[in-house]
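**Student:** What follows is a single structure, and I will ask about it in a moment.
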Amino acid sequence: MTAVSVKGPDNGSRTVELPDEIFAAKVNVPLIHQVVVAQQAAARQGTHATKTRGEVRGGGKKPYRQKGTGRARQGSLRAPQYAGGGIVHGPQPRSYVQRTPKKMKAAALRGALSDRLSHGRVQVVSGFVDGDAPRTKDAVAVLASALSISGGTLDRPLRVLVVAHRDDELTWKSLRNVPSVHVLTEDQLNTYDVLASDDVVFTEQALTAFISRSSKEASK
């Protein structure tokens, strides 16, 4: 297991163990790529559509007689070769969903988390706010401390993924308006968001729930 320091508003000094089966797994780059591509494809709406010559308005009348004009015969001004005509082989509404087994998604997520941890990009905090009321300034200060950023502020290009428990309203309300922070629950954690972030910060409550959930899924 890998020990990680736990930061928090109380500035306490202790560590938490991260299991190797999740945070020291094999980093399979082709698998991670496949899962990320599938996730991005599933996010596509697929509502693009073009009209064929049978769907374009107008063109019901033959533009001129069949013979005797010296021109090529035409049956409609809405044929594809005319401006305003139908589109040939244009995109039609369809689903882009790719089938990705759960075990592949889980393996890709473990690989992404392991890669982040190997570069010191996974942090754990006991909490972001000391008290019962949400406070963005205090939460950002704790986050900056966890990421070893001086000044207590987050630079705009920095992208931080915060994994919080669904019931942790203080964290959600304190960080939801910070531009460089993306907050997810432990059951929403996915490979793409891990790779799209510079750092991943777990709350202790979310980390415990995530490890428990991952262990149960691995035992199935």
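In the structure tokens, chains take the letters A, B, ... in the order shown, each chain's residues start at 1, and ligands count up from 1 in the order shown.
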Using only C-alpha atoms, tabulate the residues of region 16-73 of chain A lying at most 9 Å from any atom of region 191-211 of chain A, each with its closest atom pair and that distance in Å to one decimal, by chain and increasing residue number, as a Markdown table.

**Tutor:**
| residue | atom | partner | partner_atom | distance |
| --- | --- | --- | --- | --- |
| A:Val16 | CA | A:Glu204 | CA | 8.6 |
| A:Leu18 | CA | A:Ile211 | CA | 8.6 |
| A:Pro19 | CA | A:Ile211 | CA | 8.0 |
| A:Ile22 | CA | A:Ile211 | CA | 7.9 |
| A:Ile32 | CA | A:Thr191 | CA | 7.3 |
| A:Val35 | CA | A:Thr191 | CA | 7.5 |
| A:Val36 | CA | A:Tyr192 | CA | 5.5 |
| A:Val37 | CA | A:Tyr192 | CA | 8.8 |
| A:Gln39 | CA | A:Tyr192 | CA | 7.5 |
| A:Gln40 | CA | A:Tyr192 | CA | 8.3 |

**Student:** Tell me, as a ChimeraX atom specification, which residues lie within 7 Å of Thr52 (chain A), counting only C-alpha atoms; anything in the same chain fewer than 4 positions away does not count.

**Tutor:** /A:56,86-88

**Student:** Generate a file of the selected residues that holds N, CA and C atoms, formatted as a tab-separated table (two decimals), in the first residue's frame.

**Tutor:**
chain	number	residue	atom	x	y	z
A	56	VAL	N	-36.85	17.46	-49.16
A	56	VAL	CA	-36.70	18.89	-49.38
A	56	VAL	C	-38.01	19.47	-49.91
A	86	GLY	N	-31.62	18.12	-52.51
A	86	GLY	CA	-31.36	17.19	-51.40
A	86	GLY	C	-29.89	16.84	-51.29
A	87	ILE	N	-29.54	16.22	-50.19
A	87	ILE	CA	-28.16	15.81	-49.92
A	87	ILE	C	-28.05	14.30	-50.09
A	88	VAL	N	-26.99	13.90	-50.80
A	88	VAL	CA	-26.75	12.48	-51.03
A	88	VAL	C	-25.87	11.90	-49.94

**Student:** Gly84 (chain A): which residues within 12 Å, counting only C-alpha atoms, same-chain residues fewer than 5 positions away excluded, as a CSV table (one decimal) with all heavy atoms, in the first residue's frame?

**Tutor:**
chain,number,residue,atom,x,y,z
A,50,THR,N,-29.6,15.4,-42.4
A,50,THR,CA,-29.8,16.2,-43.7
A,50,THR,C,-31.0,15.6,-44.4
A,50,THR,O,-31.4,14.5,-44.1
A,50,THR,CB,-28.5,16.0,-44.6
A,50,THR,OG1,-28.3,14.6,-44.8
A,50,THR,CG2,-27.3,16.6,-43.9
A,51,LYS,N,-31.5,16.4,-45.3
A,51,LYS,CA,-32.7,16.0,-46.1
A,51,LYS,C,-32.3,15.5,-47.4
A,51,LYS,O,-31.5,16.0,-48.1
A,51,LYS,CB,-33.6,17.2,-46.2
A,51,LYS,CG,-34.2,17.7,-44.9
A,51,LYS,CD,-35.2,18.9,-45.2
A,51,LYS,CE,-35.8,19.3,-43.9
A,51,LYS,NZ,-36.8,20.5,-44.0
A,52,THR,N,-33.0,14.4,-47.8
A,52,THR,CA,-32.8,13.8,-49.1
A,52,THR,C,-33.7,14.6,-50.1
A,52,THR,O,-34.5,15.4,-49.7
A,52,THR,CB,-33.2,12.3,-49.1
A,52,THR,OG1,-34.6,12.2,-48.8
A,52,THR,CG2,-32.4,11.6,-48.0
A,53,ARG,N,-33.6,14.2,-51.3
A,53,ARG,CA,-34.4,14.9,-52.3
A,53,ARG,C,-35.9,14.7,-52.1
A,53,ARG,O,-36.8,15.5,-52.5
A,53,ARG,CB,-34.1,14.5,-53.8
A,53,ARG,CG,-34.3,13.0,-54.0
A,53,ARG,CD,-33.8,12.6,-55.4
A,53,ARG,NE,-34.6,13.3,-56.4
A,53,ARG,CZ,-34.4,13.3,-57.7
A,53,ARG,NH1,-33.3,12.6,-58.2
A,53,ARG,NH2,-35.2,13.9,-58.6
A,55,GLU,N,-37.3,14.8,-49.2
A,55,GLU,CA,-37.7,15.5,-48.0
A,55,GLU,C,-37.6,17.0,-48.1
A,55,GLU,O,-38.1,17.8,-47.3
A,55,GLU,CB,-36.8,15.0,-46.8
A,55,GLU,CG,-37.0,13.6,-46.4
A,55,GLU,CD,-35.9,13.1,-45.5
A,55,GLU,OE1,-34.8,13.6,-45.5
A,55,GLU,OE2,-36.2,12.2,-44.7
A,56,VAL,N,-36.9,17.5,-49.2
A,56,VAL,CA,-36.7,18.9,-49.4
A,56,VAL,C,-38.0,19.5,-49.9
A,56,VAL,O,-38.7,18.9,-50.7
A,56,VAL,CB,-35.5,19.2,-50.4
A,56,VAL,CG1,-35.4,20.7,-50.6
A,56,VAL,CG2,-34.2,18.6,-49.8
A,57,ARG,N,-38.4,20.7,-49.4
A,57,ARG,CA,-39.6,21.3,-49.8
A,57,ARG,C,-39.5,21.7,-51.3
A,57,ARG,O,-38.5,22.3,-51.7
A,57,ARG,CB,-39.9,22.5,-49.0
A,57,ARG,CG,-41.2,23.3,-49.3
A,57,ARG,CD,-41.3,24.4,-48.4
A,57,ARG,NE,-42.5,25.2,-48.7
A,57,ARG,CZ,-43.7,25.0,-48.3
A,57,ARG,NH1,-43.9,24.0,-47.4
A,57,ARG,NH2,-44.8,25.7,-48.6
A,58,GLY,N,-40.6,21.5,-52.0
A,58,GLY,CA,-40.7,21.9,-53.4
A,58,GLY,C,-40.2,20.8,-54.4
A,58,GLY,O,-40.0,19.7,-54.0
A,59,GLY,N,-40.1,21.2,-55.7
A,59,GLY,CA,-39.5,20.3,-56.7
A,59,GLY,C,-40.6,19.3,-57.2
A,59,GLY,O,-40.2,18.3,-57.8
A,76,SER,N,-36.7,17.1,-61.4
A,76,SER,CA,-37.0,17.9,-60.3
A,76,SER,C,-35.9,18.9,-60.0
A,76,SER,O,-34.7,18.6,-60.2
A,76,SER,CB,-37.2,17.0,-59.0
A,76,SER,OG,-37.3,17.8,-57.9
A,77,LEU,N,-36.2,20.1,-59.6
A,77,LEU,CA,-35.2,21.1,-59.2
A,77,LEU,C,-34.6,20.8,-57.8
A,77,LEU,O,-33.8,21.6,-57.4
A,77,LEU,CB,-35.8,22.5,-59.3
A,77,LEU,CG,-36.1,23.0,-60.7
A,77,LEU,CD1,-36.8,24.4,-60.6
A,77,LEU,CD2,-34.9,23.1,-61.5
A,78,ARG,N,-35.1,19.8,-57.2
A,78,ARG,CA,-34.6,19.5,-55.9
A,78,ARG,C,-33.7,18.2,-55.9
A,78,ARG,O,-33.4,17.6,-54.9
A,78,ARG,CB,-35.8,19.2,-54.9
A,78,ARG,CG,-36.6,20.5,-54.6
A,78,ARG,CD,-35.7,21.5,-54.0
A,78,ARG,NE,-36.5,22.7,-53.7
A,78,ARG,CZ,-36.5,23.8,-54.5
A,78,ARG,NH1,-35.8,23.8,-55.6
A,78,ARG,NH2,-37.3,24.9,-54.2
A,79,ALA,N,-33.3,17.9,-57.1
A,79,ALA,CA,-32.3,16.8,-57.3
A,79,ALA,C,-30.9,17.3,-56.7
A,79,ALA,O,-30.7,18.5,-56.6
A,79,ALA,CB,-32.1,16.4,-58.7

**Student:** Would you list the contacts of Ala106 (chain A) as a compact mmCIF listing (two decimals) with N, CA, C and O atoms, in the first residue's frame, taking every protein, DNA or RNA residue within 9 Å and counting only C-alpha atoms, but skipping same-chain residues closer than 4 positions in sequence?

**Tutor:**
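Result file part.txt:
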# COMPACT_ATOMS: atom_id res chain seq x y z
N PRO A 101 -17.45 -3.38 -21.70
CA PRO A 101 -17.73 -4.16 -20.48
C PRO A 101 -17.30 -3.43 -19.21
O PRO A 101 -16.34 -2.64 -19.22
N LYS A 102 -17.99 -3.69 -18.11
CA LYS A 102 -17.70 -3.03 -16.84
C LYS A 102 -16.27 -3.29 -16.38
O LYS A 102 -15.63 -2.43 -15.79
N ARG A 110 -8.61 2.15 -12.87
CA ARG A 110 -7.49 1.83 -11.97
C ARG A 110 -6.17 2.24 -12.58
O ARG A 110 -5.28 2.77 -11.89
N GLY A 111 -6.01 2.03 -13.89
CA GLY A 111 -4.77 2.42 -14.55
C GLY A 111 -4.57 3.93 -14.54
O GLY A 111 -3.46 4.42 -14.32
N ASN A 190 -14.63 8.51 -13.27
CA ASN A 190 -14.42 7.83 -14.54
C ASN A 190 -13.05 8.16 -15.10
O ASN A 190 -12.38 9.11 -14.66
N THR A 191 -12.64 7.37 -16.07
CA THR A 191 -11.30 7.48 -16.63
C THR A 191 -11.07 8.82 -17.31
O THR A 191 -10.01 9.44 -17.13
N SER A 214 -15.19 -0.45 -5.05
CA SER A 214 -14.30 -1.11 -6.01
C SER A 214 -14.00 -2.54 -5.57
O SER A 214 -13.91 -3.46 -6.41
N GLU A 217 -17.01 -4.76 -6.37
CA GLU A 217 -17.13 -5.04 -7.80
C GLU A 217 -16.06 -6.03 -8.25
O GLU A 217 -16.32 -6.88 -9.11
N ALA A 218 -14.86 -5.94 -7.66
CA ALA A 218 -13.79 -6.86 -8.04
C ALA A 218 -14.06 -8.28 -7.58
O ALA A 218 -13.60 -9.25 -8.19

**Student:** Rounded to one decimal, what separation in Å do you get between CA of Ala41 (chain A) and CA of Lys103 (chain A)?

**Tutor:**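 Answer for the CA of Ala41 (chain A) to CA of Lys103 (chain A) separation: 18.6 Å.
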
**Student:** Looking only at alpha helix (DSSP H) from DSSP on the backbone, list the matching residues of region 16-212 of chain A as a PDB file with N, CA and C atoms, in the first residue's frame.

**Tutor:**
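Saved file out_29.pdb follows:
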ATOM      1  N   ASP A  20      -2.962  -1.145  -3.209  1.00  0.00           N
ATOM      2  CA  ASP A  20      -2.219  -1.316  -4.461  1.00  0.00           C
ATOM      3  C   ASP A  20      -3.079  -1.855  -5.593  1.00  0.00           C
ATOM      4  N   GLU A  21      -4.108  -2.645  -5.278  1.00  0.00           N
ATOM      5  CA  GLU A  21      -4.929  -3.211  -6.348  1.00  0.00           C
ATOM      6  C   GLU A  21      -5.699  -2.141  -7.116  1.00  0.00           C
ATOM      7  N   ILE A  22      -5.818  -0.950  -6.527  1.00  0.00           N
ATOM      8  CA  ILE A  22      -6.509   0.151  -7.203  1.00  0.00           C
ATOM      9  C   ILE A  22      -5.536   1.227  -7.653  1.00  0.00           C
ATOM     10  N   PHE A  23      -4.578   1.581  -6.804  1.00  0.00           N
ATOM     11  CA  PHE A  23      -3.703   2.723  -7.058  1.00  0.00           C
ATOM     12  C   PHE A  23      -2.289   2.322  -7.476  1.00  0.00           C
ATOM     13  N   VAL A  29      -2.276   1.468 -21.635  1.00  0.00           N
ATOM     14  CA  VAL A  29      -2.599   2.656 -22.439  1.00  0.00           C
ATOM     15  C   VAL A  29      -3.625   2.362 -23.541  1.00  0.00           C
ATOM     16  N   PRO A  30      -3.489   1.282 -24.324  1.00  0.00           N
ATOM     17  CA  PRO A  30      -4.519   1.013 -25.343  1.00  0.00           C
ATOM     18  C   PRO A  30      -5.909   0.817 -24.743  1.00  0.00           C
ATOM     19  N   LEU A  31      -5.984   0.170 -23.585  1.00  0.00           N
ATOM     20  CA  LEU A  31      -7.278  -0.027 -22.924  1.00  0.00           C
ATOM     21  C   LEU A  31      -7.863   1.308 -22.472  1.00  0.00           C
ATOM     22  N   ILE A  32      -7.022   2.141 -21.873  1.00  0.00           N
ATOM     23  CA  ILE A  32      -7.484   3.449 -21.429  1.00  0.00           C
ATOM     24  C   ILE A  32      -7.981   4.266 -22.613  1.00  0.00           C
ATOM     25  N   HIS A  33      -7.248   4.203 -23.719  1.00  0.00           N
ATOM     26  CA  HIS A  33      -7.662   4.938 -24.925  1.00  0.00           C
ATOM     27  C   HIS A  33      -9.015   4.443 -25.426  1.00  0.00           C
ATOM     28  N   GLN A  34      -9.199   3.140 -25.448  1.00  0.00           N
ATOM     29  CA  GLN A  34     -10.460   2.576 -25.930  1.00  0.00           C
ATOM     30  C   GLN A  34     -11.631   3.007 -25.055  1.00  0.00           C
ATOM     31  N   VAL A  35     -11.436   2.989 -23.752  1.00  0.00           N
ATOM     32  CA  VAL A  35     -12.508   3.360 -22.828  1.00  0.00           C
ATOM     33  C   VAL A  35     -12.832   4.846 -22.944  1.00  0.00           C
ATOM     34  N   VAL A  36     -11.805   5.691 -23.073  1.00  0.00           N
ATOM     35  CA  VAL A  36     -12.040   7.131 -23.190  1.00  0.00           C
ATOM     36  C   VAL A  36     -12.770   7.454 -24.491  1.00  0.00           C
ATOM     37  N   VAL A  37     -12.361   6.834 -25.587  1.00  0.00           N
ATOM     38  CA  VAL A  37     -13.024   7.061 -26.867  1.00  0.00           C
ATOM     39  C   VAL A  37     -14.491   6.635 -26.786  1.00  0.00           C
ATOM     40  N   ALA A  38     -14.741   5.494 -26.148  1.00  0.00           N
ATOM     41  CA  ALA A  38     -16.121   5.020 -25.995  1.00  0.00           C
ATOM     42  C   ALA A  38     -16.940   5.977 -25.145  1.00  0.00           C
ATOM     43  N   GLN A  39     -16.333   6.531 -24.102  1.00  0.00           N
ATOM     44  CA  GLN A  39     -17.047   7.465 -23.239  1.00  0.00           C
ATOM     45  C   GLN A  39     -17.381   8.756 -23.986  1.00  0.00           C
ATOM     46  N   GLN A  40     -16.432   9.250 -24.772  1.00  0.00           N
ATOM     47  CA  GLN A  40     -16.696  10.456 -25.549  1.00  0.00           C
ATOM     48  C   GLN A  40     -17.729  10.203 -26.640  1.00  0.00           C
ATOM     49  N   ALA A  41     -17.690   9.008 -27.232  1.00  0.00           N
ATOM     50  CA  ALA A  41     -18.667   8.675 -28.267  1.00  0.00           C
ATOM     51  C   ALA A  41     -20.075   8.594 -27.677  1.00  0.00           C
ATOM     52  N   ALA A  42     -20.192   8.041 -26.475  1.00  0.00           N
ATOM     53  CA  ALA A  42     -21.497   7.921 -25.839  1.00  0.00           C
ATOM     54  C   ALA A  42     -22.090   9.280 -25.481  1.00  0.00           C
ATOM     55  N   LYS A 102     -17.986  -3.692 -18.110  1.00  0.00           N
ATOM     56  CA  LYS A 102     -17.697  -3.031 -16.844  1.00  0.00           C
ATOM     57  C   LYS A 102     -16.271  -3.293 -16.377  1.00  0.00           C
ATOM     58  N   LYS A 103     -15.767  -4.508 -16.609  1.00  0.00           N
ATOM     59  CA  LYS A 103     -14.416  -4.843 -16.161  1.00  0.00           C
ATOM     60  C   LYS A 103     -13.364  -4.029 -16.922  1.00  0.00           C
ATOM     61  N   MET A 104     -13.641  -3.725 -18.176  1.00  0.00           N
ATOM     62  CA  MET A 104     -12.714  -2.892 -18.936  1.00  0.00           C
ATOM     63  C   MET A 104     -12.709  -1.469 -18.389  1.00  0.00           C
ATOM     64  N   LYS A 105     -13.900  -0.935 -18.079  1.00  0.00           N
ATOM     65  CA  LYS A 105     -13.982   0.409 -17.510  1.00  0.00           C
ATOM     66  C   LYS A 105     -13.261   0.479 -16.172  1.00  0.00           C
ATOM     67  N   ALA A 106     -13.472  -0.554 -15.341  1.00  0.00           N
ATOM     68  CA  ALA A 106     -12.838  -0.566 -14.024  1.00  0.00           C
ATOM     69  C   ALA A 106     -11.319  -0.653 -14.144  1.00  0.00           C
ATOM     70  N   ALA A 107     -10.826  -1.478 -15.075  1.00  0.00           N
ATOM     71  CA  ALA A 107      -9.385  -1.622 -15.264  1.00  0.00           C
ATOM     72  C   ALA A 107      -8.770  -0.326 -15.791  1.00  0.00           C
ATOM     73  N   ALA A 108      -9.478   0.346 -16.699  1.00  0.00           N
ATOM     74  CA  ALA A 108      -8.973   1.615 -17.229  1.00  0.00           C
ATOM     75  C   ALA A 108      -8.929   2.679 -16.136  1.00  0.00           C
ATOM     76  N   LEU A 109      -9.948   2.707 -15.273  1.00  0.00           N
ATOM     77  CA  LEU A 109      -9.970   3.682 -14.182  1.00  0.00           C
ATOM     78  C   LEU A 109      -8.842   3.416 -13.196  1.00  0.00           C
ATOM     79  N   ARG A 110      -8.609   2.153 -12.875  1.00  0.00           N
ATOM     80  CA  ARG A 110      -7.493   1.827 -11.975  1.00  0.00           C
ATOM     81  C   ARG A 110      -6.167   2.243 -12.584  1.00  0.00           C
ATOM     82  N   GLY A 111      -6.009   2.031 -13.885  1.00  0.00           N
ATOM     83  CA  GLY A 111      -4.772   2.422 -14.548  1.00  0.00           C
ATOM     84  C   GLY A 111      -4.574   3.930 -14.540  1.00  0.00           C
ATOM     85  N   ALA A 112      -5.664   4.681 -14.763  1.00  0.00           N
ATOM     86  CA  ALA A 112      -5.568   6.144 -14.767  1.00  0.00           C
ATOM     87  C   ALA A 112      -5.220   6.666 -13.374  1.00  0.00           C
ATOM     88  N   LEU A 113      -5.860   6.125 -12.334  1.00  0.00           N
ATOM     89  CA  LEU A 113      -5.559   6.544 -10.965  1.00  0.00           C
ATOM     90  C   LEU A 113      -4.132   6.171 -10.573  1.00  0.00           C
ATOM     91  N   SER A 114      -3.686   5.000 -11.008  1.00  0.00           N
ATOM     92  CA  SER A 114      -2.318   4.557 -10.699  1.00  0.00           C
ATOM     93  C   SER A 114      -1.299   5.475 -11.363  1.00  0.00           C
ATOM     94  N   ASP A 115      -1.587   5.896 -12.591  1.00  0.00           N
ATOM     95  CA  ASP A 115      -0.687   6.813 -13.286  1.00  0.00           C
ATOM     96  C   ASP A 115      -0.615   8.155 -12.566  1.00  0.00           C
ATOM     97  N   ARG A 116      -1.762   8.659 -12.125  1.00  0.00           N
ATOM     98  CA  ARG A 116      -1.766   9.930 -11.403  1.00  0.00           C
ATOM     99  C   ARG A 116      -1.013   9.813 -10.078  1.00  0.00           C
ATOM    100  N   LEU A 117      -1.212   8.712  -9.367  1.00  0.00           N
ATOM    101  CA  LEU A 117      -0.527   8.547  -8.086  1.00  0.00           C
ATOM    102  C   LEU A 117       0.975   8.408  -8.270  1.00  0.00           C
ATOM    103  N   SER A 118       1.399   7.725  -9.326  1.00  0.00           N
ATOM    104  CA  SER A 118       2.836   7.541  -9.567  1.00  0.00           C
ATOM    105  C   SER A 118       3.537   8.868  -9.831  1.00  0.00           C
ATOM    106  N   THR A 136     -16.362  29.119   0.331  1.00  0.00           N
ATOM    107  CA  THR A 136     -15.499  28.857  -0.817  1.00  0.00           C
ATOM    108  C   THR A 136     -14.051  29.242  -0.541  1.00  0.00           C
ATOM    109  N   LYS A 137     -13.833  30.359   0.116  1.00  0.00           N
ATOM    110  CA  LYS A 137     -12.470  30.822   0.375  1.00  0.00           C
ATOM    111  C   LYS A 137     -11.693  29.805   1.201  1.00  0.00           C
ATOM    112  N   ASP A 138     -12.316  29.263   2.249  1.00  0.00           N
ATOM    113  CA  ASP A 138     -11.639  28.264   3.078  1.00  0.00           C
ATOM    114  C   ASP A 138     -11.398  26.975   2.299  1.00  0.00           C
ATOM    115  N   ALA A 139     -12.372  26.572   1.496  1.00  0.00           N
ATOM    116  CA  ALA A 139     -12.227  25.337   0.721  1.00  0.00           C
ATOM    117  C   ALA A 139     -11.091  25.455  -0.294  1.00  0.00           C
ATOM    118  N   VAL A 140     -10.985  26.608  -0.949  1.00  0.00           N
ATOM    119  CA  VAL A 140      -9.909  26.822  -1.919  1.00  0.00           C
ATOM    120  C   VAL A 140      -8.552  26.842  -1.219  1.00  0.00           C
ATOM    121  N   ALA A 141      -8.500  27.401  -0.029  1.00  0.00           N
ATOM    122  CA  ALA A 141      -7.242  27.430   0.723  1.00  0.00           C
ATOM    123  C   ALA A 141      -6.796  26.013   1.083  1.00  0.00           C
ATOM    124  N   VAL A 142      -7.732  25.169   1.516  1.00  0.00           N
ATOM    125  CA  VAL A 142      -7.403  23.771   1.831  1.00  0.00           C
ATOM    126  C   VAL A 142      -6.950  23.042   0.570  1.00  0.00           C
ATOM    127  N   LEU A 143      -7.635  23.287  -0.530  1.00  0.00           N
ATOM    128  CA  LEU A 143      -7.265  22.628  -1.786  1.00  0.00           C
ATOM    129  C   LEU A 143      -5.879  23.066  -2.243  1.00  0.00           C
ATOM    130  N   ALA A 144      -5.592  24.350  -2.124  1.00  0.00           N
ATOM    131  CA  ALA A 144      -4.262  24.847  -2.503  1.00  0.00           C
ATOM    132  C   ALA A 144      -3.184  24.258  -1.614  1.00  0.00           C
ATOM    133  N   SER A 145      -3.495  24.089  -0.316  1.00  0.00           N
ATOM    134  CA  SER A 145      -2.535  23.474   0.597  1.00  0.00           C
ATOM    135  C   SER A 145      -2.278  22.019   0.241  1.00  0.00           C
ATOM    136  N   ALA A 146      -3.354  21.307  -0.123  1.00  0.00           N
ATOM    137  CA  ALA A 146      -3.200  19.899  -0.499  1.00  0.00           C
ATOM    138  C   ALA A 146      -2.363  19.735  -1.761  1.00  0.00           C
ATOM    139  N   GLU A 169     -22.569  17.980   1.572  1.00  0.00           N
ATOM    140  CA  GLU A 169     -23.087  19.223   1.008  1.00  0.00           C
ATOM    141  C   GLU A 169     -22.113  20.394   1.168  1.00  0.00           C
ATOM    142  N   LEU A 170     -21.332  20.381   2.250  1.00  0.00           N
ATOM    143  CA  LEU A 170     -20.386  21.485   2.460  1.00  0.00           C
ATOM    144  C   LEU A 170     -19.376  21.568   1.324  1.00  0.00           C
ATOM    145  N   THR A 171     -18.855  20.422   0.917  1.00  0.00           N
ATOM    146  CA  THR A 171     -17.882  20.408  -0.169  1.00  0.00           C
ATOM    147  C   THR A 171     -18.521  20.839  -1.480  1.00  0.00           C
ATOM    148  N   TRP A 172     -19.690  20.310  -1.766  1.00  0.00           N
ATOM    149  CA  TRP A 172     -20.360  20.647  -3.024  1.00  0.00           C
ATOM    150  C   TRP A 172     -20.663  22.133  -3.111  1.00  0.00           C
ATOM    151  N   LYS A 173     -21.218  22.692  -2.061  1.00  0.00           N
ATOM    152  CA  LYS A 173     -21.591  24.096  -2.092  1.00  0.00           C
ATOM    153  C   LYS A 173     -20.381  25.023  -2.047  1.00  0.00           C
ATOM    154  N   SER A 174     -19.293  24.561  -1.449  1.00  0.00           N
ATOM    155  CA  SER A 174     -18.108  25.407  -1.322  1.00  0.00           C
ATOM    156  C   SER A 174     -17.292  25.465  -2.607  1.00  0.00           C
ATOM    157  N   LEU A 175     -17.330  24.395  -3.405  1.00  0.00           N
ATOM    158  CA  LEU A 175     -16.457  24.321  -4.582  1.00  0.00           C
ATOM    159  C   LEU A 175     -17.189  24.362  -5.914  1.00  0.00           C
ATOM    160  N   THR A 191     -12.636   7.369 -16.073  1.00  0.00           N
ATOM    161  CA  THR A 191     -11.298   7.477 -16.635  1.00  0.00           C
ATOM    162  C   THR A 191     -11.066   8.822 -17.310  1.00  0.00           C
ATOM    163  N   TYR A 192     -12.026   9.280 -18.081  1.00  0.00           N
ATOM    164  CA  TYR A 192     -11.830  10.534 -18.824  1.00  0.00           C
ATOM    165  C   TYR A 192     -11.581  11.707 -17.891  1.00  0.00           C
ATOM    166  N   ASP A 193     -12.406  11.856 -16.849  1.00  0.00           N
ATOM    167  CA  ASP A 193     -12.250  12.994 -15.946  1.00  0.00           C
ATOM    168  C   ASP A 193     -10.938  12.923 -15.171  1.00  0.00           C
ATOM    169  N   VAL A 194     -10.469  11.718 -14.879  1.00  0.00           N
ATOM    170  CA  VAL A 194      -9.169  11.579 -14.209  1.00  0.00           C
ATOM    171  C   VAL A 194      -8.051  12.062 -15.127  1.00  0.00           C
ATOM    172  N   LEU A 195      -8.096  11.650 -16.393  1.00  0.00           N
ATOM    173  CA  LEU A 195      -7.044  12.032 -17.334  1.00  0.00           C
ATOM    174  C   LEU A 195      -7.140  13.504 -17.736  1.00  0.00           C
ATOM    175  N   GLU A 204     -11.780  12.043   2.536  1.00  0.00           N
ATOM    176  CA  GLU A 204     -11.646  10.743   3.195  1.00  0.00           C
ATOM    177  C   GLU A 204     -12.930   9.923   3.086  1.00  0.00           C
ATOM    178  N   GLN A 205     -14.064  10.573   3.243  1.00  0.00           N
ATOM    179  CA  GLN A 205     -15.335   9.879   3.165  1.00  0.00           C
ATOM    180  C   GLN A 205     -15.550   9.283   1.773  1.00  0.00           C
ATOM    181  N   ALA A 206     -15.233  10.047   0.744  1.00  0.00           N
ATOM    182  CA  ALA A 206     -15.389   9.563  -0.624  1.00  0.00           C
ATOM    183  C   ALA A 206     -14.380   8.462  -0.942  1.00  0.00           C
ATOM    184  N   LEU A 207     -13.156   8.590  -0.430  1.00  0.00           N
ATOM    185  CA  LEU A 207     -12.136   7.577  -0.676  1.00  0.00           C
ATOM    186  C   LEU A 207     -12.540   6.243  -0.069  1.00  0.00           C
ATOM    187  N   THR A 208     -13.037   6.270   1.156  1.00  0.00           N
ATOM    188  CA  THR A 208     -13.482   5.039   1.813  1.00  0.00           C
ATOM    189  C   THR A 208     -14.612   4.376   1.035  1.00  0.00           C
ATOM    190  N   ALA A 209     -15.572   5.178   0.590  1.00  0.00           N
ATOM    191  CA  ALA A 209     -16.695   4.634  -0.172  1.00  0.00           C
ATOM    192  C   ALA A 209     -16.231   4.087  -1.518  1.00  0.00           C
ATOM    193  N   PHE A 210     -15.278   4.776  -2.154  1.00  0.00           N
ATOM    194  CA  PHE A 210     -14.787   4.327  -3.464  1.00  0.00           C
ATOM    195  C   PHE A 210     -14.022   3.007  -3.343  1.00  0.00           C
ATOM    196  N   ILE A 211     -13.165   2.894  -2.344  1.00  0.00           N
ATOM    197  CA  ILE A 211     -12.406   1.656  -2.154  1.00  0.00           C
ATOM    198  C   ILE A 211     -13.338   0.502  -1.832  1.00  0.00           C
ATOM    199  N   SER A 212     -14.333   0.744  -0.982  1.00  0.00           N
ATOM    200  CA  SER A 212     -15.297  -0.298  -0.636  1.00  0.00           C
ATOM    201  C   SER A 212     -16.088  -0.744  -1.855  1.00  0.00           C
TER     202      SER A 212
END

**Student:** Tell me, as a PyMOL selection string, which residues lie within 12 Å of Arg14 (chain A), counting only C-alpha atoms; anything in the same chain fewer than 5 positions away does not count.

**Tutor:** chain A and resi 3-8+124-126+204

**Student:** Report, in Å to a single decimal, how far apart CA of Gly131 (chain A) and CA of Val163 (chain A) are.

**Tutor:** 19.7 Å
